Amino acid sequence: MLNKFKKAFILAPHTDDGELGCGGTIAKLIESGVEVFYIAFSTAEESVPDGFEKNELEFEVKRATTVLGIPEKNLLIYRFPVRKLNFSRQEILEILISLRSEHNPDLIFLPSLNDAHQDHKTVAEEGLRAFKNKTILGYELIWNNLKFSTDCFVSLARKHVELKVSALQEYQTQSNRPYMKDEFIRSLSRVRGVQIGCEFAETFEVIRWLIK
């Protein structure tokens, strides 16, 4: 099913959101021959812990996406201030429209429209505006989701989950966060797998599904 798509965009408000929400699916897409682009809108320099360089997240996302198999040329990093993306809505929308025109993706992953984080909600809303004529799936970040509809599941092999875990291990600046822990990532993947009768899975909200 995944190989029916040719090109996927992963919209990440901050570096690491894409891996957290759909890292296993990214690995499976690439394995299936889909070209994947990862678009990060903030390197959250203002939130980097003491002891790290302020631009450390830029290097971490490069390493993490390489682990998943995304070519360096398909990683696009923007530097909007963290927690202030809502002040740059129009610029973000114009970036997305330009990328849509240049690459014409047919599958879009973005945060849930019910995500409580202001940056996540901004990217979700502007992503919907830019890609309303494409298939759009909202990814799960359960610590931010006010509610979440498990409309779509992607079954994963253990190797896909382990690639997701390995990618997230590159984010040493974020290692203190409970949702970055290896056991949490594996456990959530197992829970979603149990729901559909397989070992591992990720789940998504269907925001738009285009059938041709």
# chains A, B, ... in the order shown; residues from 1 in each chain; ligands from 1
>>> residues_around(residues="A:Arg89", least_positions_apart="5", cutoff="12 Å", atoms="only C-alpha atoms", output="PyMOL selection string")
chain A and resi 13+41+80+84+94-96+118-127+129-130
>>> residues_around(residues="A:Thr15", least_positions_apart="2", cutoff="7 Å", atoms="only C-alpha atoms", output="MDAnalysis selection string")
chainID A and resid 12:13 17 40 42:43 57 61
>>> write_last_selection(atoms="C-alpha atoms", output="compact mmCIF listing (two decimals), in the first residue's frame")
# COMPACT_ATOMS: atom_id res chain seq x y z
CA ALA A 12 8.07 18.86 11.71
CA PRO A 13 7.45 22.04 13.70
CA ASP A 17 8.78 15.88 15.97
CA ALA A 40 11.78 21.21 10.08
CA SER A 42 12.56 25.43 14.11
CA THR A 43 15.80 24.23 15.67
CA LEU A 57 19.61 20.39 17.29
CA VAL A 61 18.35 16.19 13.15
>>> residues_around(residues="A:Glu140", least_positions_apart="6", cutoff="9 Å", atoms="only C-alpha atoms", output="list of chain:residue names")
A:Leu20, A:Gly21, A:Cys22, A:Pro111, A:Ser112, A:Asp115, A:Phe148, A:Thr150, A:Glu202, A:Thr203, A:Phe204, A:Glu205
>>> write_last_selection(atoms="C-alpha atoms", output="mmCIF file, in the first residue's frame")
data_model
loop_
_atom_site.group_PDB
_atom_site.id
_atom_site.type_symbol
_atom_site.label_atom_id
_atom_site.label_comp_id
_atom_site.auth_asym_id
_atom_site.auth_seq_id
_atom_site.Cartn_x
_atom_site.Cartn_y
_atom_site.Cartn_z
ATOM 1 C CA LEU A 20 8.600 10.940 17.265
ATOM 2 C CA GLY A 21 5.357 10.984 15.307
ATOM 3 C CA CYS A 22 6.210 8.744 12.380
ATOM 4 C CA PRO A 111 0.903 17.115 13.573
ATOM 5 C CA SER A 112 -2.663 16.444 14.624
ATOM 6 C CA ASP A 115 -2.280 19.240 19.075
ATOM 7 C CA PHE A 148 -6.688 11.811 18.749
ATOM 8 C CA THR A 150 -6.788 6.376 15.455
ATOM 9 C CA GLU A 202 2.100 3.653 14.324
ATOM 10 C CA THR A 203 -1.274 5.320 14.098
ATOM 11 C CA PHE A 204 -2.479 8.459 12.321
ATOM 12 C CA GLU A 205 -5.518 10.658 11.959
#
>>> residues_around(residues="A:Lys134", least_positions_apart="2", cutoff="12 Å", atoms="only C-alpha atoms", output="PyMOL selection string")
chain A and resi 5+7-9+100+104-109+127-132+136-137+206-212
>>> write_last_selection(atoms="C-alpha atoms", output="PDB file, in the first residue's frame")
ATOM      1  CA  PHE A   5       2.932   6.808  -3.080  1.00  0.00           C
ATOM      2  CA  LYS A   7       6.910  11.287  -2.618  1.00  0.00           C
ATOM      3  CA  ALA A   8       6.176  12.066   1.046  1.00  0.00           C
ATOM      4  CA  PHE A   9       6.639  15.251   3.050  1.00  0.00           C
ATOM      5  CA  ARG A 100       4.577  21.835  -3.193  1.00  0.00           C
ATOM      6  CA  ASN A 104       4.579  17.798  -5.928  1.00  0.00           C
ATOM      7  CA  PRO A 105       4.349  15.309  -3.021  1.00  0.00           C
ATOM      8  CA  ASP A 106       1.403  12.940  -2.840  1.00  0.00           C
ATOM      9  CA  LEU A 107       1.547  12.075   0.880  1.00  0.00           C
ATOM     10  CA  ILE A 108       1.847  14.550   3.751  1.00  0.00           C
ATOM     11  CA  PHE A 109       2.499  13.873   7.438  1.00  0.00           C
ATOM     12  CA  GLY A 127       0.023  22.372   6.119  1.00  0.00           C
ATOM     13  CA  LEU A 128      -3.669  21.668   5.583  1.00  0.00           C
ATOM     14  CA  ARG A 129      -4.055  24.910   3.675  1.00  0.00           C
ATOM     15  CA  ALA A 130      -1.057  24.189   1.461  1.00  0.00           C
ATOM     16  CA  PHE A 131      -1.824  20.514   0.797  1.00  0.00           C
ATOM     17  CA  LYS A 132      -5.618  20.307   0.916  1.00  0.00           C
ATOM     18  CA  ILE A 136      -2.739  14.128   4.659  1.00  0.00           C
ATOM     19  CA  LEU A 137      -2.141  12.090   7.818  1.00  0.00           C
ATOM     20  CA  VAL A 206      -6.868  10.759   8.432  1.00  0.00           C
ATOM     21  CA  ILE A 207      -7.161  14.464   7.684  1.00  0.00           C
ATOM     22  CA  ARG A 208      -7.510  13.987   3.940  1.00  0.00           C
ATOM     23  CA  TRP A 209      -7.415  10.801   1.867  1.00  0.00           C
ATOM     24  CA  LEU A 210      -7.215  11.197  -1.900  1.00  0.00           C
ATOM     25  CA  ILE A 211      -8.148   8.201  -4.043  1.00  0.00           C
ATOM     26  CA  LYS A 212      -7.265   8.330  -7.715  1.00  0.00           C
TER      27      LYS A 212
END
>>> atom_distance(atom1="atom CA of A:Trp143", atom2="atom CA of A:Leu2")
27.2 Å
>>> select_by_dssp(residues="stretch 32-140 of chain A", states="strand (DSSP E or B)", output="PyMOL selection string")
chain A and resi 35-40+75-77+107-111+115+135-139
>>> residues_around(residues="A:Leu29", least_positions_apart="3", cutoff="12 Å", atoms="only C-alpha atoms", output="MDAnalysis selection string")
chainID A and resid 1:10 22:26 32:37 68:70 107 109 154:156 160
>>> select_by_dssp(residues="stretch 152-198 of chain A", states="alpha helix (DSSP H)", output="PyMOL selection string")
chain A and resi 158-168+182-196
>>> write_last_selection(atoms="N, CA and C atoms", output="compact mmCIF listing (two decimals), in the first residue's frame")
# COMPACT_ATOMS: atom_id res chain seq x y z
N ARG A 158 9.96 -5.05 13.50
CA ARG A 158 10.84 -4.67 14.60
C ARG A 158 11.96 -3.76 14.11
N LYS A 159 12.50 -4.03 12.91
CA LYS A 159 13.61 -3.22 12.40
C LYS A 159 13.22 -1.76 12.21
N HIS A 160 11.96 -1.51 11.84
CA HIS A 160 11.50 -0.13 11.67
C HIS A 160 11.45 0.59 13.02
N VAL A 161 10.98 -0.11 14.04
CA VAL A 161 10.91 0.48 15.38
C VAL A 161 12.33 0.75 15.90
N GLU A 162 13.23 -0.18 15.67
CA GLU A 162 14.60 0.01 16.15
C GLU A 162 15.30 1.15 15.42
N LEU A 163 14.99 1.36 14.16
CA LEU A 163 15.53 2.52 13.46
C LEU A 163 14.99 3.81 14.06
N LYS A 164 13.71 3.80 14.42
CA LYS A 164 13.12 4.98 15.08
C LYS A 164 13.82 5.24 16.41
N VAL A 165 14.02 4.20 17.20
CA VAL A 165 14.71 4.34 18.48
C VAL A 165 16.12 4.87 18.27
N SER A 166 16.83 4.32 17.30
CA SER A 166 18.21 4.76 17.03
C SER A 166 18.25 6.22 16.58
N ALA A 167 17.29 6.61 15.76
CA ALA A 167 17.23 8.00 15.31
C ALA A 167 17.02 8.94 16.49
N LEU A 168 16.10 8.59 17.37
CA LEU A 168 15.80 9.46 18.51
C LEU A 168 16.95 9.50 19.52
N ASP A 182 13.68 5.03 25.25
CA ASP A 182 13.56 3.87 24.37
C ASP A 182 12.35 3.01 24.73
N GLU A 183 12.16 2.77 26.03
CA GLU A 183 11.07 1.89 26.44
C GLU A 183 9.70 2.47 26.11
N PHE A 184 9.60 3.82 26.16
CA PHE A 184 8.32 4.44 25.79
C PHE A 184 8.05 4.26 24.30
N ILE A 185 9.05 4.50 23.47
CA ILE A 185 8.89 4.37 22.02
C ILE A 185 8.48 2.95 21.66
N ARG A 186 9.18 1.97 22.22
CA ARG A 186 8.85 0.57 21.90
C ARG A 186 7.47 0.20 22.45
N SER A 187 7.15 0.67 23.64
CA SER A 187 5.87 0.31 24.26
C SER A 187 4.69 0.88 23.48
N LEU A 188 4.79 2.14 23.07
CA LEU A 188 3.70 2.74 22.31
C LEU A 188 3.52 2.01 20.97
N SER A 189 4.63 1.65 20.34
CA SER A 189 4.55 0.89 19.08
C SER A 189 3.88 -0.46 19.30
N ARG A 190 4.15 -1.08 20.44
CA ARG A 190 3.49 -2.37 20.75
C ARG A 190 1.99 -2.18 20.98
N VAL A 191 1.64 -1.15 21.74
CA VAL A 191 0.22 -0.88 21.99
C VAL A 191 -0.52 -0.69 20.68
N ARG A 192 0.04 0.10 19.79
CA ARG A 192 -0.64 0.33 18.51
C ARG A 192 -0.66 -0.94 17.65
N GLY A 193 0.37 -1.76 17.79
CA GLY A 193 0.36 -3.03 17.08
C GLY A 193 -0.73 -3.96 17.59
N VAL A 194 -0.90 -4.04 18.92
CA VAL A 194 -1.94 -4.88 19.52
C VAL A 194 -3.31 -4.50 18.98
N GLN A 195 -3.52 -3.21 18.74
CA GLN A 195 -4.83 -2.75 18.27
C GLN A 195 -5.19 -3.30 16.91
N ILE A 196 -4.18 -3.67 16.12
CA ILE A 196 -4.49 -4.18 14.77
C ILE A 196 -3.97 -5.60 14.56
>>> closest_residue(among="A:Thr65, A:Ser88, A:Ser149, A:Ser47", to="A:Gln174", atoms="only C-alpha atoms")
A:Ser47
>>> atom_distance(atom1="atom CA of A:Asn114", atom2="atom CA of A:Asn145")
5.8 Å
>>> closest_residue(among="A:Ala157, A:Pro81, A:Gln169, A:Phe200", to="A:Glu31", atoms="only C-alpha atoms")
A:Ala157
>>> closest_residue(among="A:Thr173, A:His117, A:Glu91, A:Asn86", to="A:Lys54", atoms="only C-alpha atoms")
A:Thr173
>>> closest_residue(among="A:Thr135, A:Pro178, A:Lys147, A:Phe153", to="A:Ala201", atoms="only C-alpha atoms")
A:Phe153
